[in-house]
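Structure first, then comments.
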Amino acid sequence: MSSCVFVTPKSLTFIGECKGNVFPKRFKTIRNGGGIIAAPRSSETLKLQTLSKQGIPLDHLKVEEIVERQSEGNHFLREEWCKKKMKFQPSFLEEAYESCRKICAEYAKTFYLGTLLMTKERQRAIWAIYVWCRRTDELVDGPNAVYMNPKVLDRWEERLEDIFEGRPYDLLDAALSHTVSKFPIDMKPFRDMIEGMRMDTKKCRYENFEELYLYCYYVAGTVGLMSVPVMGIAPDSSLSTHTIYSAALHLGIGNQLTNILRDVGEDATRGRVYLPQDELAQFGLCDADILRMRVSDKWREFMKEQIKRARFYFKLAEEGASQLDKASRWPVWSSLMLYRKILEAIEENDYNNFTKRAYVGRSKKLLALPLAYTKSISPPTLVFN
């Protein structure tokens with residue numbers, strides 16, 4: 001179960017210690033060993049007493065280093081170097097990006113519509129990132145997943161290095177190769193996503209939320225890191241770059257937690273349980289209860305708390321969504337609103353995510369788009385009141 005680009009193929013976490021104020025004011029930072037953990041202040045903790053929202057020591061992910069490397073000032077030399085190395089014909093690039101556009105339009109329809117307000121350069125870059133993430137995901141979850149072995153992912157990582165070196169293997173790789181030459185995108189989030197795929201091939205149980213959080217970072221939080229440099233930050237943003245990146249990663253975590261809750265039954269048929277084992281035990285549940293696929297009162301109470309946690313991350317993501325470049329906000333707000341509707345669908349199904357798919361119908365999706373657009377053009381002060 002992995003994920004992509006704010007709307008995930010099974011799709012998108014935090015920033016470690018830094019000089020500025022990385023976390024929103026609602027957070028306090030707790031030093032734990034060698035790292036810093038983002039923890040809600042006491043008033044927010046009360047909203048979710050049962051389950052932890054605390055991730056892992058953030059500097060272990062080295063996210064701040066990625067943010068620094070993706071700053072505009074550090075990109076100029078690499079862009080000039082890439083221009084000298086890559087000599088793609090304009091017609092070839094058009095074909096490459098058009099192929100990415102078609103894939104995005106087919107498999108992420110709502111998100112694709114949101115990208116149409118972006119500038120042409122940003123549109124194409126987001127489509128290229130989406131396609132790479134989707135292809136990466138399909139190595140583990142796609143029709144050829146039965147042939148998966150460690151060497152496949154090793155080779156995929158070698159291809160990634162070639163992409164960043166200006167040596168694409170195929171048409172779709174060429175689109176991403178051109179994208180990373182035009183925008184200050186670091187390779188580490190892409191490597192980390194591949195690491196998440198490796199985790200998926202080795203691990204099918206998660207002892208606690210900290211373990212699950214790391215998985216969510218790898219397969220979904222990384223997408224936020226890839227995408228923010230392309231989407232851009234509003235020139236008049238009142239928040240630090242680090243805070244906006246953090247919010248993008250919150251969205252990824254929320255999306256992936258929602259994917260996990262939506263797909264409990266599907267994953268169980270493959271012998272996979274992406275729910276923290278210690279939290280299941282807290283509610284008197286175990287793997288056997290999930291594999292039986294029976295909705296009980298214990299399960300309902302457990303699911304209510306899991307949904308609360310996903311919503312908590314979506315709430316945190318709102319702050320950054322309204323600080324992106326104005327033309328880039330619509331797809332992000334669309335993702336926020338539609339993933340929240342998946343959680344509502346689980347509730348409407350009486351928490352039966354074993355045999356009932358939490359489905360958001362086409363009409364609901366279309367009705368959400370105008371509201372998402374309104375949110376995207378509203379000043380931040382209106383969005384959060």
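Quick note on naming: the chains in the structure tokens go A, B, ... in the order shown, residues restart at 1 in each chain, and ligands are numbered from 1 in order of appearance.
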
Running DSSP on the backbone, which parts of range 167-379 of chain A land in helix (DSSP H, G or I), as JSON, numbers by chain? {"A": [171, 172, 173, 174, 175, 176, 177, 178, 179, 180, 181, 182, 188, 189, 190, 191, 192, 193, 194, 195, 196, 197, 198, 199, 200, 201, 202, 209, 210, 211, 212, 213, 214, 215, 216, 217, 218, 219, 220, 221, 222, 223, 224, 225, 226, 227, 228, 229, 230, 231, 241, 242, 243, 244, 245, 246, 247, 248, 249, 250, 251, 252, 253, 254, 255, 256, 257, 258, 259, 260, 261, 262, 264, 265, 266, 267, 268, 277, 278, 279, 280, 281, 282, 287, 288, 289, 290, 291, 292, 297, 298, 299, 300, 301, 302, 303, 304, 305, 306, 307, 308, 309, 310, 311, 312, 313, 314, 315, 316, 317, 318, 319, 320, 321, 326, 327, 328, 329, 330, 331, 332, 333, 334, 335, 336, 337, 338, 339, 340, 341, 342, 343, 344, 345, 346, 347, 348, 362, 363, 364, 365, 366, 367, 368, 369, 370, 371, 372, 373, 374, 375, 376, 377]}

Can you list every residue of range 163-244 of chain A that has an atom at most 12 Å from range 295-312 of chain A, with its nearest atom pair and the distance in Å to one decimal, using only C-alpha atoms, ordered by chain then number, as a tab-separated table?
residue	atom	partner	partner_atom	distance
A:Phe209	CA	A:Gln306	CA	10.7
A:Tyr213	CA	A:Ala310	CA	11.6
A:Cys216	CA	A:Ala310	CA	11.8

Need the shell around Leu225 in chain A: protein/DNA/RNA residues with any atom at most 8 Å away, counting only C-alpha atoms. Skip same-chain ones fewer than 3 positions apart. Format as a PyMOL selection string? chain A and resi 66-67+189+221-222+228-229+245+248-249

Hey, could you make a per-residue contact list for range 107-167 of chain A against range 345-367 of chain A with 12 Å as the cut-off, showing the nearest pair of atoms and its distance in Å to one decimal, counting only C-alpha atoms, sorted by chain and number, as JSON lines?
{"residue": "A:Ala108", "atom": "CA", "partner": "A:Lys365", "partner_atom": "CA", "distance": 11.8}
{"residue": "A:Lys109", "atom": "CA", "partner": "A:Lys365", "partner_atom": "CA", "distance": 9.9}
{"residue": "A:Thr110", "atom": "CA", "partner": "A:Lys365", "partner_atom": "CA", "distance": 7.3}
{"residue": "A:Phe111", "atom": "CA", "partner": "A:Lys365", "partner_atom": "CA", "distance": 10.4}
{"residue": "A:Leu113", "atom": "CA", "partner": "A:Leu366", "partner_atom": "CA", "distance": 10.1}
{"residue": "A:Gly114", "atom": "CA", "partner": "A:Leu366", "partner_atom": "CA", "distance": 11.3}

So, counting only C-alpha atoms, which residue among A:Ala125, A:Leu139, A:Val63, A:Ala321 is closest to Leu239 in chain A?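 Smallest distance to Leu239 in chain A is found for A:Ala321.
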
Pick from A:Leu336, A:Glu95, A:Leu176, A:Glu161 nearest to Ile253 in chain A, counting only C-alpha atoms: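 For Ile253 in chain A, the nearest of the candidates is A:Leu336.
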
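Each of A:Ala247, A:Ala288, A:Val140, A:Val230 was compared to Thr179 in chain A using only C-alpha atoms, and A:Val230 turns out to be the nearest.
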
Per residue of range 192-259 of chain A within 12 Å of range 148-158 of chain A, note the shortest atom pair and the distance in Å to one decimal, counting only C-alpha atoms, and order the rows by chain and increasing residue number, as JSON lines.
{"residue": "A:Asp192", "atom": "CA", "partner": "A:Glu157", "partner_atom": "CA", "distance": 10.1}
{"residue": "A:Met193", "atom": "CA", "partner": "A:Glu157", "partner_atom": "CA", "distance": 10.0}
{"residue": "A:Ile194", "atom": "CA", "partner": "A:Leu153", "partner_atom": "CA", "distance": 6.9}
{"residue": "A:Glu195", "atom": "CA", "partner": "A:Leu153", "partner_atom": "CA", "distance": 8.6}
{"residue": "A:Gly196", "atom": "CA", "partner": "A:Leu153", "partner_atom": "CA", "distance": 10.5}
{"residue": "A:Met197", "atom": "CA", "partner": "A:Leu153", "partner_atom": "CA", "distance": 7.9}
{"residue": "A:Arg198", "atom": "CA", "partner": "A:Leu153", "partner_atom": "CA", "distance": 7.3}
{"residue": "A:Met199", "atom": "CA", "partner": "A:Pro150", "partner_atom": "CA", "distance": 10.5}
{"residue": "A:Asp200", "atom": "CA", "partner": "A:Met148", "partner_atom": "CA", "distance": 10.8}
{"residue": "A:Thr201", "atom": "CA", "partner": "A:Asn149", "partner_atom": "CA", "distance": 8.0}
{"residue": "A:Lys202", "atom": "CA", "partner": "A:Pro150", "partner_atom": "CA", "distance": 9.8}

Give me every strand (DSSP E or B) residue in range 123-360 of chain A, going by DSSP on the backbone, as a PDB file with N, CA and C atoms, in the first residue's frame.
ATOM      1  N   TYR A 206       2.898  -3.526  11.686  1.00  0.00           N
ATOM      2  CA  TYR A 206       3.513  -2.348  12.297  1.00  0.00           C
ATOM      3  C   TYR A 206       3.169  -2.346  13.781  1.00  0.00           C
ATOM      4  N   ILE A 233       5.707  28.797  -3.579  1.00  0.00           N
ATOM      5  CA  ILE A 233       5.171  29.430  -2.381  1.00  0.00           C
ATOM      6  C   ILE A 233       4.771  30.854  -2.728  1.00  0.00           C
ATOM      7  N   PRO A 276      -1.535  -0.104  13.658  1.00  0.00           N
ATOM      8  CA  PRO A 276      -0.603  -0.340  14.764  1.00  0.00           C
ATOM      9  C   PRO A 276      -1.088  -1.454  15.692  1.00  0.00           C
ATOM     10  N   LEU A 324       0.641  28.316  -0.594  1.00  0.00           N
ATOM     11  CA  LEU A 324       1.272  27.990  -1.869  1.00  0.00           C
ATOM     12  C   LEU A 324       0.962  29.079  -2.888  1.00  0.00           C
TER      13      LEU A 324
END
